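Q: This is the content of coords-v7.cif (mmCIF, C-alpha atoms):
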```cif
data_upload
loop_
_atom_site.label_atom_id
_atom_site.label_comp_id
_atom_site.auth_asym_id
_atom_site.auth_seq_id
_atom_site.Cartn_x
_atom_site.Cartn_y
_atom_site.Cartn_z
CA GLN A 1 125.60 47.27 88.36
CA VAL A 2 125.09 50.96 87.55
CA GLN A 3 125.42 52.43 84.08
CA LEU A 4 125.32 55.98 82.76
CA VAL A 5 124.23 56.20 79.13
CA GLU A 6 124.70 59.46 77.25
CA SER A 7 123.19 60.68 74.01
CA GLY A 8 122.88 63.85 71.98
CA GLY A 9 126.38 64.68 70.82
CA GLY A 10 127.24 65.53 67.24
CA LEU A 11 128.52 68.11 64.80
CA VAL A 12 127.11 71.62 64.81
CA GLN A 13 128.10 74.98 63.39
CA ALA A 14 129.23 77.80 65.63
CA GLY A 15 126.23 79.56 67.13
CA GLY A 16 124.15 76.42 67.05
CA SER A 17 122.65 74.32 69.81
CA LEU A 18 122.81 70.76 71.09
CA ARG A 19 121.13 68.95 73.95
CA LEU A 20 122.89 66.16 75.81
CA SER A 21 121.06 63.57 77.88
CA CYS A 22 122.34 61.06 80.41
CA THR A 23 120.33 58.39 82.20
CA ALA A 24 121.52 56.31 85.12
CA SER A 25 120.23 52.76 85.43
CA GLY A 26 120.80 49.76 87.67
CA SER A 27 120.64 49.16 91.39
CA ILE A 28 120.32 52.80 92.43
CA PHE A 29 119.13 53.83 95.85
CA SER A 30 119.89 57.54 95.63
CA ILE A 31 121.71 60.06 93.42
CA ASN A 32 123.37 63.15 94.85
CA TYR A 33 125.14 65.28 92.23
CA MET A 34 124.79 64.73 88.49
CA GLY A 35 126.94 66.65 86.08
CA TRP A 36 128.84 67.04 82.86
CA TYR A 37 132.57 67.23 82.30
CA ARG A 38 134.46 67.64 79.06
CA GLN A 39 137.90 66.84 77.74
CA ALA A 40 139.41 68.41 74.65
CA PRO A 41 142.45 66.86 72.91
CA GLY A 42 145.61 67.55 74.87
CA LYS A 43 143.72 69.09 77.79
CA GLN A 44 142.62 67.93 81.20
CA ARG A 45 139.06 66.93 81.90
CA GLU A 46 137.12 69.90 83.30
CA LEU A 47 133.79 70.49 84.96
CA VAL A 48 131.17 72.01 82.68
CA ALA A 49 128.14 72.01 84.99
CA ARG A 50 126.63 70.00 87.80
CA ILE A 51 123.33 69.92 89.63
CA ALA A 52 122.44 68.67 93.08
CA SER A 53 119.40 66.56 93.83
CA GLY A 54 117.71 69.66 95.24
CA GLY A 55 118.36 71.64 92.06
CA SER A 56 121.27 73.90 92.95
CA THR A 57 123.66 74.33 90.03
CA THR A 58 127.30 75.10 89.34
CA TYR A 59 128.72 76.19 85.98
CA ALA A 60 132.15 76.74 84.56
CA ASP A 61 132.71 80.43 83.83
CA SER A 62 133.26 79.63 80.16
CA VAL A 63 129.71 78.32 79.71
CA LYS A 64 127.68 80.59 81.99
CA GLY A 65 124.79 82.18 80.12
CA ARG A 66 125.05 79.69 77.25
CA PHE A 67 124.57 76.24 78.84
CA THR A 68 121.77 75.08 81.12
CA ILE A 69 121.84 71.92 83.20
CA SER A 70 118.65 70.29 84.45
CA ARG A 71 117.55 66.93 85.81
CA VAL A 72 114.48 64.79 86.29
CA ASN A 73 115.01 62.88 89.52
CA ALA A 74 112.19 60.41 88.85
CA LYS A 75 113.95 59.38 85.63
CA ASN A 76 117.53 59.49 87.00
CA THR A 77 118.28 61.71 84.02
CA VAL A 78 120.35 64.84 83.59
CA TYR A 79 120.33 67.16 80.59
CA LEU A 80 122.71 69.77 79.25
CA GLN A 81 121.23 72.33 76.89
CA MET A 82 124.07 73.99 75.00
CA ASN A 83 123.33 77.19 73.09
CA SER A 84 125.55 79.66 71.23
CA LEU A 85 128.15 76.96 70.79
CA LYS A 86 131.73 77.97 70.02
CA PRO A 87 134.57 76.01 68.40
CA GLU A 88 136.31 75.95 71.78
CA ASP A 89 133.40 73.90 73.15
CA THR A 90 134.59 71.00 71.00
CA ALA A 91 135.38 68.07 73.29
CA VAL A 92 134.24 64.69 74.50
CA TYR A 93 131.52 65.30 77.07
CA TYR A 94 131.20 62.89 79.99
CA CYS A 95 128.26 62.41 82.29
CA ASN A 96 129.08 62.00 85.96
CA ALA A 97 126.92 61.01 88.92
CA ASP A 98 127.42 60.45 92.62
CA ILE A 99 125.29 57.39 93.33
CA TRP A 100 124.42 55.43 96.46
CA THR A 101 124.10 51.70 95.95
CA GLN A 102 125.63 50.20 99.09
CA GLU A 103 128.00 53.19 99.38
CA TRP A 104 128.57 56.49 97.55
CA VAL A 105 130.37 55.84 94.27
CA ASP A 106 131.36 58.24 91.47
CA TYR A 107 130.17 56.87 88.11
CA TRP A 108 131.07 58.02 84.60
CA GLY A 109 129.45 57.63 81.22
CA GLN A 110 131.34 56.51 78.13
CA GLY A 111 131.50 60.01 76.66
CA THR A 112 129.86 61.66 73.68
CA GLN A 113 131.67 63.77 71.09
CA VAL A 114 130.62 67.36 70.53
CA THR A 115 132.24 69.10 67.57
CA VAL A 116 131.60 72.77 66.79
CA SER A 117 132.76 73.97 63.38
CA SER A 118 133.68 77.57 62.69
#
```
Using structure tokens, write down the structure from this file.

A:
Amino acid sequence: QVQLVESGGGLVQAGGSLRLSCTASGSIFSINYMGWYRQAPGKQRELVARIASGGSTTYADSVKGRFTISRVNAKNTVYLQMNSLKPEDTAVYYCNADIWTQEWVDYWGQGTQVTVSS
């Protein structure tokens, strides 16, 4: 069984920084994309950033220049460094990974709350 475990959420003032981590564990043969999504109250879940196994990255326009995604393949871990946080970044952040066990399956973490106060 595969699990994604997130950490690093919390409460921060506007302009501050947080770093999220997510580690995949279990019967993993290979991981393609790893990424972060977020969902604010009353809104749909949206992509924040994702990174391929080779290192290519994609960011939502709203976080470009402020957030940085990275990963350590040997640790099956993805990070999201969030700087210059704004109140509109407040949401539950979910880790996501495309993982090969006996087939490609999309896995999700349990979510971690990020709250940015003004």

Q: Would you compute the box with edges along x, y and z of the file around segment 91-106 of chain A, including every atom the file lists for it and 3 Å extra on each side, and give its centre and edge lengths in Å to one decimal, as AutoDock Vina command-line options?

A:
```
--center_x 129.7 --center_y 59.1 --center_z 86.3 --size_x 17.3 --size_y 23.9 --size_z 32.1
```

Q: Can you build me a table of segment 21-101 of chain A residues sitting at most 10 Å from segment 6-11 of chain A, with the closest atom pair per residue and its distance in Å to one decimal, using only C-alpha atoms, sorted by chain and residue number, as CSV?

A:
```
residue,atom,partner,partner_atom,distance
A:Ser21,CA,A:Ser7,CA,5.3
A:Cys22,CA,A:Glu6,CA,4.3
A:Thr23,CA,A:Glu6,CA,6.7
A:Ala24,CA,A:Glu6,CA,9.1
A:Thr77,CA,A:Glu6,CA,9.6
A:Val78,CA,A:Glu6,CA,9.4
A:Tyr79,CA,A:Glu6,CA,9.5
A:Leu80,CA,A:Gly8,CA,9.4
A:Gln81,CA,A:Gly8,CA,9.9
A:Thr90,CA,A:Leu11,CA,9.1
A:Ala91,CA,A:Gly9,CA,9.9
A:Val92,CA,A:Gly9,CA,8.7
A:Tyr93,CA,A:Gly9,CA,8.1
A:Tyr94,CA,A:Glu6,CA,7.8
A:Cys95,CA,A:Glu6,CA,6.8
```

Q: Please dump the current selection as an mmCIF file, in the frame of the given file; keep C-alpha atoms.

A:
```cif
data_model
loop_
_atom_site.group_PDB
_atom_site.id
_atom_site.type_symbol
_atom_site.label_atom_id
_atom_site.label_comp_id
_atom_site.auth_asym_id
_atom_site.auth_seq_id
_atom_site.Cartn_x
_atom_site.Cartn_y
_atom_site.Cartn_z
ATOM 1 C CA SER A 21 121.060 63.570 77.880
ATOM 2 C CA CYS A 22 122.340 61.060 80.410
ATOM 3 C CA THR A 23 120.330 58.390 82.200
ATOM 4 C CA ALA A 24 121.520 56.310 85.120
ATOM 5 C CA THR A 77 118.280 61.710 84.020
ATOM 6 C CA VAL A 78 120.350 64.840 83.590
ATOM 7 C CA TYR A 79 120.330 67.160 80.590
ATOM 8 C CA LEU A 80 122.710 69.770 79.250
ATOM 9 C CA GLN A 81 121.230 72.330 76.890
ATOM 10 C CA THR A 90 134.590 71.000 71.000
ATOM 11 C CA ALA A 91 135.380 68.070 73.290
ATOM 12 C CA VAL A 92 134.240 64.690 74.500
ATOM 13 C CA TYR A 93 131.520 65.300 77.070
ATOM 14 C CA TYR A 94 131.200 62.890 79.990
ATOM 15 C CA CYS A 95 128.260 62.410 82.290
#
```

Q: Env of segment 35-48 of chain A: 12 Å cut, atoms = only C-alpha atoms, seq-sep filter 4 positions within chain, self excluded. Answer as a ChimeraX atom specification.

A: /A:4,6,9,19-24,31,52-53,55-64,66-71,76-82,87-99,106-116

Q: Suppose you want the space between atom CA of Gln1 of chain A and atom CA of Met34 of chain A; what is it in Å?

A: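 If I compute the distance from atom CA of Gln1 of chain A to atom CA of Met34 of chain A, I get 17.5 Å.
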
Q: Report as an NGL selection string all protein, DNA and RNA residues lying within 10 Å of segment 27-29 of chain A, evaluated on all atoms listed in the file, omitting residues in the same chain fewer than 6 positions from it.

A: :A and (1-3 or 76 or 99-104)

Q: What is the distance, in Å and to one decimal place, between atom CA of Ile51 of chain A and atom CA of Ser30 of chain A?

A: 14.2 Å

Q: What does the structure give for the distance between atom CA of Asn32 of chain A and atom CA of Leu18 of chain A, in Å to one decimal?

A: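 Between atom CA of Asn32 of chain A and atom CA of Leu18 of chain A the gap works out to 25.0 Å.
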
Q: Starting from the shown file, work through the PyMOL selection byres ((chain A and resi 15) around 8) and note down what comes out as a JSON list (two decimals) with C-alpha atoms, in the frame of the given file.

A:
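selection.json was written with the following content:
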```
[["chain", "number", "residue", "atom", "x", "y", "z"],
["A", 13, "GLN", "CA", 128.10, 74.98, 63.39],
["A", 14, "ALA", "CA", 129.23, 77.80, 65.63],
["A", 16, "GLY", "CA", 124.15, 76.42, 67.05],
["A", 17, "SER", "CA", 122.65, 74.32, 69.81],
["A", 83, "ASN", "CA", 123.33, 77.19, 73.09],
["A", 84, "SER", "CA", 125.55, 79.66, 71.23],
["A", 85, "LEU", "CA", 128.15, 76.96, 70.79],
["A", 86, "LYS", "CA", 131.73, 77.97, 70.02]]
```
